[in-house]
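Data block for upload.tsv (TSV, C-alpha atoms):
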chain	number	residue	atom	x	y	z
E	457	MET	CA	182.38	-16.32	57.66
E	458	GLU	CA	178.80	-15.20	56.94
E	459	SER	CA	180.02	-11.98	55.31
E	460	ALA	CA	182.27	-14.01	53.04
E	461	VAL	CA	179.29	-16.12	51.95
E	462	GLN	CA	177.29	-12.94	51.29
E	463	LEU	CA	180.05	-11.56	49.10
E	464	ILE	CA	180.31	-14.84	47.20
E	465	GLU	CA	176.54	-14.94	46.62
E	466	LEU	CA	176.34	-11.29	45.56
E	467	GLY	CA	179.33	-11.70	43.28
E	468	ALA	CA	177.78	-14.79	41.71
E	469	ILE	CA	174.46	-12.99	41.15
E	470	ILE	CA	176.00	-9.89	39.58
E	471	LEU	CA	178.37	-11.92	37.43
E	472	ALA	CA	175.51	-14.11	36.24
E	473	LEU	CA	173.50	-10.99	35.39
E	474	GLY	CA	176.45	-9.66	33.41
E	475	VAL	CA	176.68	-12.87	31.41
E	476	LEU	CA	172.93	-12.87	30.76
E	477	GLY	CA	173.09	-9.22	29.73
E	478	ALA	CA	175.81	-10.08	27.24
E	479	VAL	CA	173.61	-12.84	25.82
E	480	SER	CA	170.70	-10.39	25.43
E	481	VAL	CA	172.94	-7.91	23.60
E	482	ARG	CA	174.29	-10.65	21.34
E	483	PHE	CA	170.81	-11.74	20.25
E	484	SER	CA	169.20	-8.26	20.43
E	485	ILE	CA	166.52	-9.25	22.94
E	486	SER	CA	165.36	-7.76	26.22
E	487	PRO	CA	167.37	-8.97	29.23
E	488	ILE	CA	164.29	-8.94	31.51
E	489	PRO	CA	163.20	-12.54	30.77
E	490	LEU	CA	166.77	-13.71	31.38
E	491	TYR	CA	166.92	-11.84	34.70
E	492	LEU	CA	163.64	-13.44	35.77
E	493	ILE	CA	165.06	-16.85	34.88
E	494	ALA	CA	168.15	-16.05	36.98
E	495	GLY	CA	165.87	-15.27	39.91
E	496	LEU	CA	164.10	-18.59	39.43
E	497	ALA	CA	167.49	-20.33	39.46
E	498	PHE	CA	168.63	-18.59	42.67
E	499	GLY	CA	165.30	-18.88	44.49
E	500	SER	CA	163.55	-21.58	46.45
E	501	GLY	CA	163.34	-24.69	44.31
E	502	GLY	CA	166.01	-23.37	41.96
E	503	VAL	CA	169.45	-24.64	41.06
E	504	TYR	CA	171.35	-22.64	43.70
E	505	PRO	CA	169.07	-21.15	46.41
E	506	LEU	CA	170.48	-18.12	48.23
E	507	THR	CA	171.10	-18.47	51.96
E	508	THR	CA	172.43	-15.16	53.34
E	509	SER	CA	172.10	-12.32	50.81
E	510	GLU	CA	168.32	-12.21	50.29
E	511	ASP	CA	167.86	-9.15	52.59
E	512	PHE	CA	170.35	-7.13	50.55
E	513	VAL	CA	168.68	-8.25	47.33
E	514	SER	CA	165.30	-7.17	48.76
E	515	ILE	CA	166.52	-3.63	49.51
E	516	GLY	CA	168.30	-3.47	46.17
E	517	ALA	CA	165.06	-4.46	44.45
E	518	GLU	CA	163.20	-1.52	46.04
E	519	VAL	CA	165.93	0.87	44.94
E	520	GLY	CA	165.74	-0.63	41.44
E	521	VAL	CA	162.03	0.15	41.08
E	522	ILE	CA	162.56	3.69	42.38
E	523	LEU	CA	165.39	4.37	39.93
E	524	LEU	CA	163.48	2.85	37.01
E	525	LEU	CA	160.59	5.22	37.53
E	526	PHE	CA	162.81	8.21	38.33
E	527	THR	CA	164.74	7.91	35.07
E	528	LEU	CA	161.46	7.44	33.21
E	529	GLY	CA	160.21	10.69	34.74
E	530	LEU	CA	163.33	12.47	33.50
E	531	GLU	CA	162.10	11.86	29.93
E	532	TYR	CA	159.13	14.18	30.39
E	533	THR	CA	158.33	17.66	31.65
E	534	ALA	CA	155.26	18.57	33.65
E	535	ASP	CA	153.91	20.60	30.72
E	536	GLU	CA	154.31	17.63	28.38
E	537	LEU	CA	152.46	15.36	30.78
E	538	VAL	CA	149.53	17.75	31.18
E	539	GLY	CA	149.31	18.30	27.41
E	540	THR	CA	149.60	14.60	26.65
E	541	LEU	CA	146.88	13.74	29.16
E	542	LYS	CA	144.47	16.06	27.34
E	543	THR	CA	145.22	14.94	23.79
E	544	SER	CA	145.66	11.20	24.34
E	545	ALA	CA	142.70	10.60	26.66
E	546	PRO	CA	140.49	8.75	24.09
E	547	VAL	CA	143.29	6.37	23.07
E	548	GLY	CA	144.46	5.98	26.67
E	549	LEU	CA	141.00	5.05	27.92
E	550	ALA	CA	140.53	2.59	25.06
E	551	ASP	CA	143.93	1.09	25.87
E	552	MET	CA	142.92	0.69	29.52
E	553	ALA	CA	139.60	-0.96	28.71
E	554	LEU	CA	141.00	-3.32	26.08
E	555	ASN	CA	143.97	-4.51	28.11
E	556	ALA	CA	142.82	-4.45	31.74
E	557	LEU	CA	139.56	-6.33	31.19
E	558	PRO	CA	141.20	-9.65	30.17
E	559	GLY	CA	143.17	-9.76	33.43
E	560	VAL	CA	140.13	-8.85	35.52
E	561	ALA	CA	138.02	-11.46	33.75
E	562	ALA	CA	140.69	-14.16	34.17
E	563	ALA	CA	141.00	-13.58	37.92
E	564	LEU	CA	137.24	-13.62	38.42
E	565	LEU	CA	136.77	-16.74	36.29
E	566	LEU	CA	139.51	-18.47	38.29
E	567	GLY	CA	137.72	-17.53	41.52
E	568	TRP	CA	140.55	-15.41	42.93
E	569	GLY	CA	138.31	-12.60	44.17
E	570	PRO	CA	137.95	-8.88	43.43
E	571	VAL	CA	141.27	-7.71	44.93
E	572	ALA	CA	143.26	-10.18	42.84
E	573	ALA	CA	141.15	-9.12	39.85
E	574	VAL	CA	142.22	-5.48	40.35
E	575	ALA	CA	145.86	-6.63	40.50
E	576	MET	CA	145.52	-8.82	37.40
E	577	GLY	CA	143.90	-5.96	35.51
E	578	GLY	CA	147.01	-3.86	36.12
E	579	ILE	CA	149.32	-6.72	35.16
E	580	THR	CA	147.68	-7.22	31.77
E	581	TYR	CA	147.17	-3.50	31.13
E	582	VAL	CA	150.45	-1.64	31.26
E	583	THR	CA	153.20	-1.82	28.63
E	584	SER	CA	156.88	-2.02	29.59
E	585	SER	CA	158.15	1.50	28.87
E	586	GLY	CA	161.73	0.29	29.26
E	587	ILE	CA	161.50	-2.53	26.71
E	588	THR	CA	159.44	-0.44	24.29
E	589	ALA	CA	161.90	2.45	24.45
E	590	LYS	CA	164.75	0.04	23.77
E	591	VAL	CA	162.92	-1.53	20.82
E	592	ILE	CA	162.15	1.88	19.27
E	593	GLY	CA	165.77	2.96	19.65
E	594	ASP	CA	167.28	-0.30	18.40
E	595	LEU	CA	165.09	-0.42	15.29
E	596	GLY	CA	165.52	3.26	14.43
E	597	TRP	CA	161.83	4.12	14.83
E	598	LEU	CA	162.34	7.33	16.83
E	599	GLY	CA	161.75	9.52	13.77
E	600	ASN	CA	158.70	7.62	12.51
E	601	ARG	CA	155.33	9.37	12.24
E	602	GLU	CA	153.66	6.92	14.63
E	603	THR	CA	156.21	7.39	17.43
E	604	PRO	CA	154.63	10.50	19.07
E	605	ALA	CA	151.26	8.72	19.22
E	606	LEU	CA	152.97	5.65	20.64
E	607	LEU	CA	154.78	7.66	23.31
E	608	SER	CA	151.55	9.42	24.28
E	609	VAL	CA	150.03	6.03	25.08
E	610	LEU	CA	153.00	5.19	27.32
E	611	VAL	CA	152.73	8.53	29.15
E	612	PHE	CA	149.01	8.01	29.70
E	613	GLU	CA	149.72	4.56	31.14
E	614	ASP	CA	152.35	6.02	33.49
E	615	LEU	CA	149.85	8.61	34.74
E	616	ALA	CA	147.21	5.91	35.13
E	617	MET	CA	149.66	3.96	37.27
E	618	ALA	CA	150.07	7.01	39.52
E	619	ALA	CA	146.35	6.73	40.36
E	620	TYR	CA	146.15	2.93	40.24
E	621	LEU	CA	149.01	1.94	42.54
E	622	PRO	CA	147.72	3.79	45.66
E	623	ILE	CA	144.29	2.20	45.21
E	624	LEU	CA	145.79	-1.26	44.77
E	625	THR	CA	148.03	-0.76	47.82
E	626	ALA	CA	145.02	0.20	49.95
E	627	LEU	CA	142.97	-2.75	48.71
E	628	LEU	CA	145.81	-5.19	49.35
E	629	ALA	CA	146.11	-3.81	52.88
E	630	GLY	CA	142.41	-4.57	53.44
E	631	ALA	CA	141.36	-0.92	53.57
E	632	GLY	CA	138.28	-1.54	51.42
E	633	LEU	CA	136.46	0.88	49.16
E	634	VAL	CA	136.56	3.81	51.60
E	635	GLY	CA	140.24	3.24	52.29
E	636	GLY	CA	140.90	3.07	48.56
E	637	ALA	CA	139.09	6.37	48.04
E	638	VAL	CA	141.08	8.00	50.84
E	639	ALA	CA	144.32	6.61	49.42
E	640	LEU	CA	143.41	7.97	46.00
E	641	ALA	CA	142.63	11.39	47.49
E	642	VAL	CA	145.96	11.46	49.32
E	643	ALA	CA	147.75	10.27	46.18
E	644	ALA	CA	146.03	12.91	44.07
E	645	ALA	CA	146.96	15.63	46.56
E	646	THR	CA	150.58	14.44	46.71
E	647	ILE	CA	150.82	14.26	42.92
E	648	ALA	CA	149.23	17.69	42.58
E	649	VAL	CA	151.72	19.20	45.03
E	650	ILE	CA	154.73	17.68	43.25
E	651	LEU	CA	153.41	18.70	39.83
E	652	PHE	CA	152.76	22.23	41.13
E	653	VAL	CA	156.34	22.43	42.40
E	654	ALA	CA	157.58	21.09	39.07
E	655	LEU	CA	155.52	23.57	37.04
E	656	ARG	CA	155.95	26.68	39.18
E	657	HIS	CA	159.15	26.11	41.12
E	658	GLY	CA	161.12	23.66	39.00
E	659	ALA	CA	163.95	26.17	38.72
E	660	TRP	CA	164.26	26.22	42.52
E	661	VAL	CA	164.49	22.42	42.66
E	662	GLU	CA	167.14	22.46	39.94
E	663	ARG	CA	169.17	25.14	41.78
E	664	PHE	CA	169.03	23.04	44.93
E	665	VAL	CA	170.36	19.83	43.36
E	666	SER	CA	172.67	21.28	40.70
E	667	SER	CA	176.41	21.24	41.25
E	668	PRO	CA	179.52	21.51	39.07
E	669	SER	CA	180.72	18.30	40.71
E	670	GLU	CA	179.16	15.17	39.26
E	671	GLU	CA	179.77	13.36	42.56
E	672	VAL	CA	177.79	15.97	44.52
E	673	LEU	CA	175.04	16.02	41.89
E	674	LEU	CA	174.75	12.23	42.04
E	675	LEU	CA	174.44	12.24	45.84
E	676	LYS	CA	171.88	15.07	45.87
E	677	VAL	CA	169.67	13.61	43.16
E	678	LEU	CA	169.80	10.08	44.53
E	679	GLY	CA	169.17	11.28	48.09
E	680	LEU	CA	166.23	13.50	47.06
E	681	THR	CA	164.70	10.69	45.00
E	682	LEU	CA	164.90	8.13	47.81
E	683	LEU	CA	163.64	10.69	50.36
E	684	VAL	CA	160.58	11.67	48.31
E	685	ALA	CA	159.90	8.02	47.45
E	686	GLY	CA	159.97	7.10	51.15
E	687	ILE	CA	157.66	9.99	52.10
E	688	ALA	CA	155.28	9.05	49.28
E	689	GLN	CA	155.17	5.47	50.56
E	690	GLN	CA	154.41	6.72	54.07
E	691	LEU	CA	151.46	8.67	52.61
E	692	GLN	CA	150.14	5.48	50.97
E	693	VAL	CA	151.36	6.64	47.56
E	694	SER	CA	153.63	4.25	45.70
E	695	ALA	CA	157.32	5.00	46.22
E	696	ALA	CA	157.77	4.39	42.50
E	697	VAL	CA	155.23	7.11	41.64
E	698	GLY	CA	156.97	9.54	44.00
E	699	ALA	CA	160.26	8.85	42.25
E	700	PHE	CA	158.60	9.28	38.84
E	701	LEU	CA	157.35	12.74	39.82
E	702	VAL	CA	160.78	13.77	41.12
E	703	GLY	CA	162.13	12.92	37.68
E	704	ILE	CA	159.48	15.15	36.11
E	705	ALA	CA	160.57	18.07	38.32
E	706	LEU	CA	164.03	18.06	36.71
E	707	SER	CA	164.51	19.20	33.14
E	708	GLY	CA	167.00	20.47	30.61
E	709	SER	CA	170.71	19.83	30.89
E	710	LEU	CA	170.37	18.88	34.57
E	711	ALA	CA	167.97	16.06	33.69
E	712	HIS	CA	170.36	14.87	30.97
E	713	THR	CA	173.31	14.82	33.38
E	714	ALA	CA	171.28	13.12	36.12
E	715	HIS	CA	170.14	10.47	33.63
E	716	LYS	CA	173.72	9.82	32.58
E	717	LEU	CA	174.95	9.53	36.18
E	718	LEU	CA	172.12	7.35	37.48
E	719	SER	CA	171.68	5.05	34.48
E	720	PRO	CA	174.39	2.58	35.61
E	721	LEU	CA	172.88	2.40	39.11
E	722	ARG	CA	169.42	2.01	37.61
E	723	ASP	CA	170.55	-0.85	35.38
E	724	LEU	CA	172.25	-2.63	38.28
E	725	PHE	CA	169.41	-2.35	40.78
E	726	ALA	CA	166.69	-2.91	38.17
E	727	ALA	CA	168.36	-6.20	37.28
E	728	VAL	CA	168.43	-7.04	40.99
E	729	PHE	CA	164.71	-6.23	41.17
E	730	PHE	CA	163.81	-8.71	38.45
E	731	VAL	CA	166.00	-11.30	40.15
E	732	PHE	CA	164.23	-10.61	43.46
E	733	PHE	CA	160.84	-11.25	41.87
E	734	GLY	CA	162.12	-14.49	40.44
E	735	LEU	CA	163.46	-15.49	43.85
E	736	HIS	CA	159.92	-15.54	45.21
E	737	THR	CA	158.58	-17.68	42.39
E	738	ASP	CA	159.10	-21.41	42.63
E	739	PRO	CA	159.90	-22.81	39.15
E	740	HIS	CA	157.70	-25.79	39.94
E	741	ASP	CA	154.70	-23.41	40.16
E	742	LEU	CA	155.09	-22.24	36.54
E	743	PRO	CA	153.92	-25.30	34.53
E	744	PRO	CA	150.37	-25.31	36.01
E	745	VAL	CA	149.79	-21.69	34.93
E	746	LEU	CA	151.55	-21.73	31.56
E	747	GLY	CA	148.35	-22.46	29.64
E	748	ILE	CA	146.50	-19.54	31.25
E	749	ALA	CA	149.54	-17.29	30.73
E	750	ALA	CA	149.74	-18.25	27.05
E	751	VAL	CA	146.05	-17.47	26.47
E	752	LEU	CA	146.35	-14.12	28.27
E	753	ALA	CA	149.51	-13.35	26.28
E	754	ALA	CA	147.77	-14.06	22.97
E	755	VAL	CA	144.87	-11.81	23.99
E	756	GLY	CA	147.35	-9.18	25.18
E	757	ILE	CA	149.11	-9.14	21.81
E	758	ALA	CA	145.79	-8.67	20.00
E	759	THR	CA	144.58	-5.88	22.31
E	760	LYS	CA	147.86	-3.94	22.14
E	761	LEU	CA	147.84	-4.26	18.35
E	762	ALA	CA	144.35	-2.75	18.40
E	763	THR	CA	145.53	0.06	20.69
E	764	GLY	CA	148.53	0.91	18.52
E	765	TRP	CA	146.44	0.73	15.33
E	766	PHE	CA	143.85	3.12	16.82
E	767	ALA	CA	146.47	5.56	18.12
E	768	ALA	CA	148.42	5.67	14.86
E	769	ARG	CA	145.27	5.92	12.72
E	770	ARG	CA	144.17	9.00	14.67
E	771	ALA	CA	147.57	10.49	13.80
E	772	GLY	CA	146.99	9.80	10.08
E	773	VAL	CA	149.63	7.04	9.83
E	774	ALA	CA	149.49	4.33	7.15
E	775	ALA	CA	148.90	0.63	7.83
E	776	THR	CA	152.55	-0.38	8.29
E	777	GLY	CA	153.08	2.39	10.83
E	778	ARG	CA	149.93	1.32	12.68
E	779	LEU	CA	151.29	-2.21	12.94
E	780	ARG	CA	154.65	-0.90	14.16
E	781	ALA	CA	152.87	1.08	16.89
E	782	GLY	CA	150.88	-2.00	17.92
E	783	VAL	CA	153.79	-4.41	18.21
E	784	ALA	CA	155.88	-1.81	20.07
E	785	LEU	CA	153.22	-1.78	22.80
E	786	VAL	CA	153.20	-5.57	23.24
E	787	PRO	CA	156.08	-6.03	25.77
E	788	ARG	CA	155.28	-6.25	29.47
E	789	GLY	CA	157.97	-5.86	32.13
E	790	GLU	CA	158.79	-3.60	35.05
E	791	PHE	CA	155.38	-2.20	36.10
E	792	ASN	CA	153.71	-5.60	35.65
E	793	ILE	CA	156.26	-7.19	37.96
E	794	VAL	CA	155.89	-4.31	40.45
E	795	ILE	CA	152.15	-4.91	40.61
E	796	ALA	CA	152.57	-8.66	40.95
E	797	GLY	CA	155.21	-8.14	43.64
E	798	LEU	CA	152.81	-5.97	45.67
E	799	ALA	CA	150.07	-8.57	45.35
E	800	VAL	CA	152.33	-11.49	46.28
E	801	SER	CA	153.76	-9.62	49.29
E	802	ALA	CA	150.22	-8.94	50.53
E	803	GLY	CA	149.41	-12.65	50.43
E	804	THR	CA	146.86	-12.78	47.61
E	805	ASN	CA	146.31	-15.97	45.64
E	806	ALA	CA	149.53	-18.00	45.51
E	807	ARG	CA	149.15	-18.64	41.77
E	808	LEU	CA	149.16	-14.94	40.88
E	809	GLY	CA	152.94	-14.57	41.16
E	810	PRO	CA	153.83	-17.52	38.90
E	811	LEU	CA	151.12	-16.48	36.41
E	812	ALA	CA	152.51	-12.93	36.24
E	813	ALA	CA	156.05	-14.24	35.84
E	814	ALA	CA	155.05	-16.55	32.98
E	815	TYR	CA	152.96	-13.81	31.34
E	816	VAL	CA	155.82	-11.29	31.45
E	817	LEU	CA	158.31	-13.88	30.24
E	818	ILE	CA	156.20	-14.65	27.17
E	819	LEU	CA	155.48	-11.04	26.20
E	820	ALA	CA	158.90	-9.63	27.07
E	821	VAL	CA	160.29	-12.06	24.49
E	822	ALA	CA	157.42	-11.90	21.98
E	823	GLY	CA	157.27	-8.09	21.84
E	824	PRO	CA	160.79	-7.43	20.49
E	825	VAL	CA	160.56	-10.46	18.18
E	826	LEU	CA	157.28	-9.23	16.66
E	827	ALA	CA	158.72	-5.72	16.33
E	828	ARG	CA	161.68	-7.02	14.34
E	829	GLY	CA	159.44	-9.10	12.10
E	830	VAL	CA	156.62	-6.64	11.36
E	831	GLU	CA	158.30	-4.72	8.53
E	832	PRO	CA	159.70	-7.80	6.70
E	833	LEU	CA	156.29	-9.45	7.08
E	834	THR	CA	154.41	-6.49	5.61
E	835	ARG	CA	156.90	-6.26	2.73
E	836	THR	CA	156.47	-9.97	2.02
E	837	VAL	CA	152.66	-9.76	2.10
E	838	ARG	CA	152.71	-6.71	-0.17
E	839	ALA	CA	155.08	-8.41	-2.62
E	840	ARG	CA	152.93	-11.55	-2.75
E	841	ARG	CA	149.80	-9.53	-3.41
E	842	THR	CA	151.54	-7.67	-6.22
E	843	ALA	CA	152.86	-10.92	-7.73
E	844	ARG	CA	149.43	-12.53	-7.47
E	845	ARG	CA	147.82	-9.65	-9.32
E	846	GLU	CA	150.49	-9.83	-12.04
E	847	ARG	CA	150.08	-13.62	-12.45
E	848	THR	CA	146.29	-13.51	-12.63
E	849	PRO	CA	145.35	-13.95	-16.36
E	850	GLN	CA	142.87	-11.57	-17.86
E	851	THR	CA	139.48	-12.99	-18.80
E	852	ASP	CA	137.16	-11.75	-21.47
E	853	ASP	CA	135.30	-9.85	-18.80
E	854	ASP	CA	138.52	-8.01	-17.94
E	855	VAL	CA	139.11	-6.76	-21.53
E	856	PRO	CA	137.62	-3.32	-22.01
E	857	VAL	CA	135.02	-3.14	-24.77
E	858	ALA	CA	135.05	-0.13	-27.06
E	859	PRO	CA	131.75	1.71	-27.08
E	860	ALA	CA	129.58	1.24	-30.17
E	861	PRO	CA	129.70	4.16	-32.63
E	862	ARG	CA	126.83	6.55	-32.34
E	863	PRO	CA	124.62	6.52	-35.43
E	864	GLY	CA	124.81	9.60	-37.61
E	865	PRO	CA	121.83	11.68	-38.56
E	866	ALA	CA	119.18	10.07	-40.62
E	867	GLY	CA	119.95	10.35	-44.31
E	868	GLY	CA	123.74	10.58	-43.84
E	869	GLY	CA	125.96	13.40	-42.87
E	870	ARG	CA	127.11	16.36	-44.83
Any chance you could give the structure as structure tokens?
Amino acid sequence: MESAVQLIELGAIILALGVLGAVSVRFSISPIPLYLIAGLAFGSGGVYPLTTSEDFVSIGAEVGVILLLFTLGLEYTADELVGTLKTSAPVGLADMALNALPGVAAALLLGWGPVAAVAMGGITYVTSSGITAKVIGDLGWLGNRETPALLSVLVFEDLAMAAYLPILTALLAGAGLVGGAVALAVAAATIAVILFVALRHGAWVERFVSSPSEEVLLLKVLGLTLLVAGIAQQLQVSAAVGAFLVGIALSGSLAHTAHKLLSPLRDLFAAVFFVFFGLHTDPHDLPPVLGIAAVLAAVGIATKLATGWFAARRAGVAATGRLRAGVALVPRGEFNIVIAGLAVSAGTNARLGPLAAAYVLILAVAGPVLARGVEPLTRTVRARRTARRERTPQTDDDVPVAPAPRPGPAGGGR
């Protein structure tokens, strides 16, 4: 009887996610806010609280995070990451300072303590690579001049997360400053080893997992990703970061095939992950934090606009392209929820989870909307300025005055 209830609940969740996904496609918006709302509906205090399938959803959520970061890693090579880290450091550091400080300041002003402040800094800092990539693709911005600069910011943020998540995990576990330093050292060593393997022995890794059978390739890649993610977590490195680095180790046609095979699984379990986060957020806890979330969201839009403007200006892009880069960085999503999930699981301030959920909901919706409106808005502003200049009547001061004739030589000319 219990298994039948589990199947009914799982079927209802997946079907509801499918319907919400169809709505997001219809209106060209990110499905992440809708998935979070579904989690709120199925969680404690929601419309239909789950009773038997929460354990499965919990495991599925972990797999979702791992696959999200693995497929993101497939987009880059180790050489690209090293090169990007060197060239985009000034913009990346400015991005970190501009966007992490509001979250840190908010947590400290609210009296949540330094550990919650570190978590909030991460929540307000990192852009949703998934939503941004979708926005760029949907709007046809992939070939724009600002896109490489924009992608370099995203890569820098991903690398920053590789260092940040182990420190946050150690702090949440109560390890303190020394424990955080040790965790960072272990994380750095683990990352260095995986990057070394990717740079020097990537061909060996590819030979190991490659297969003419797509079924065998799927099993090998998925198994290796989960195995490395689990080992990374045992070493106090985030499982998500371990999966990200496995994705980096694969390249070429193998990476393309692996991406194609794992994308459906990623989409399924990623949706489950967002639902799982919503399950642990009581809808009744959202109204008290909506004001704070709205203020942080407004600040977050301004700081990401500044980041994108700076990055695109360094690349020699005009004003419209700078605005496009800024609005493309506005969405928050998967990493922000990962960070909030870690903090909530560790028992930090109870208001942090609802605040993060409200913050992500606002910016996951606002980001794509702003991106769609930036070009029409700039065209309208430019047209109004042109029309205003044409309508402005000339005054006497505006009429050019011909220079007075120079006097000829005394006594007349010849």
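Shortest separation to Arg778 in chain E among E:Leu606, E:Ala626, E:Leu476, E:Leu678 occurs at residue E:Leu606, atoms counted being all atoms listed in the file.
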Would you pick out the contacts of Leu595 in chain E at 8 Å or less, using only C-alpha atoms, so that residues sharing its chain but fewer than 3 positions from it are not included, and give the list as a list in words? Val591, Ile592 and Arg828 of chain E
Atomic separation - CA of Ser509 in chain E relative to CA of Asp741 in chain E, Å: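 The value is 23.2 Å.
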List the neighbours of Gly578 in chain E out to 7 Å using only C-alpha atoms; skip same-chain residues closer than 6 positions along the sequence, and give me the result as a VMD selection string. chain E and resid 556 792 795
Which residues, written as a list in words, have at least one atom at most 12 Å from Gln689 in chain E, with all atoms listed in the file counted and residues fewer than 2 positions away on the same chain left out?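 What passes the distance filter is Glu518, Ile522, Leu621, Pro622, Thr625, Ala626, Ala639, Val642, Ala643, Thr646, Leu682, Leu683, Val684, Ala685, Gly686, Ile687, Leu691, Gln692, Val693, Ser694, Ala695, Ala696, Val697, Gly698 and Ala699 of chain E.
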I need the residues from that last selection saved to file as an mmCIF file, in the frame of the given file (with C-alpha atoms), if you can.
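The result, written out as result-v6.cif:
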data_model
loop_
_atom_site.group_PDB
_atom_site.id
_atom_site.type_symbol
_atom_site.label_atom_id
_atom_site.label_comp_id
_atom_site.auth_asym_id
_atom_site.auth_seq_id
_atom_site.Cartn_x
_atom_site.Cartn_y
_atom_site.Cartn_z
ATOM 1 C CA GLU E 518 163.200 -1.520 46.040
ATOM 2 C CA ILE E 522 162.560 3.690 42.380
ATOM 3 C CA LEU E 621 149.010 1.940 42.540
ATOM 4 C CA PRO E 622 147.720 3.790 45.660
ATOM 5 C CA THR E 625 148.030 -0.760 47.820
ATOM 6 C CA ALA E 626 145.020 0.200 49.950
ATOM 7 C CA ALA E 639 144.320 6.610 49.420
ATOM 8 C CA VAL E 642 145.960 11.460 49.320
ATOM 9 C CA ALA E 643 147.750 10.270 46.180
ATOM 10 C CA THR E 646 150.580 14.440 46.710
ATOM 11 C CA LEU E 682 164.900 8.130 47.810
ATOM 12 C CA LEU E 683 163.640 10.690 50.360
ATOM 13 C CA VAL E 684 160.580 11.670 48.310
ATOM 14 C CA ALA E 685 159.900 8.020 47.450
ATOM 15 C CA GLY E 686 159.970 7.100 51.150
ATOM 16 C CA ILE E 687 157.660 9.990 52.100
ATOM 17 C CA LEU E 691 151.460 8.670 52.610
ATOM 18 C CA GLN E 692 150.140 5.480 50.970
ATOM 19 C CA VAL E 693 151.360 6.640 47.560
ATOM 20 C CA SER E 694 153.630 4.250 45.700
ATOM 21 C CA ALA E 695 157.320 5.000 46.220
ATOM 22 C CA ALA E 696 157.770 4.390 42.500
ATOM 23 C CA VAL E 697 155.230 7.110 41.640
ATOM 24 C CA GLY E 698 156.970 9.540 44.000
ATOM 25 C CA ALA E 699 160.260 8.850 42.250
#
Please report as CSV every residue of range 663-740 of chain E lying within 6 Å of range 484-500 of chain E, along with the nearest atom pair and their distance in Å (one decimal), using all atoms listed in the file.
residue,atom,partner,partner_atom,distance
E:Phe730,CA,E:Leu492,CA,5.4
E:Val731,CA,E:Gly495,CA,4.0
E:Gly734,CA,E:Gly495,CA,3.9
E:Leu735,CA,E:Gly499,CA,3.9
E:Asp738,CA,E:Ser500,CA,5.9
E:Pro739,CA,E:Leu496,CA,6.0
Pick from E:Trp765, E:Phe733, E:Trp660, E:Tyr815 nearest to Leu798 in chain E, counting only C-alpha atoms: E:Phe733
Among listed residues E:Val837, E:Val702, E:Val560, E:Ala641, nearest Thr776 in chain E (using only C-alpha atoms):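 Of E:Val837, E:Val702, E:Val560, E:Ala641, the one nearest Thr776 in chain E, counting only C-alpha atoms, is E:Val837.
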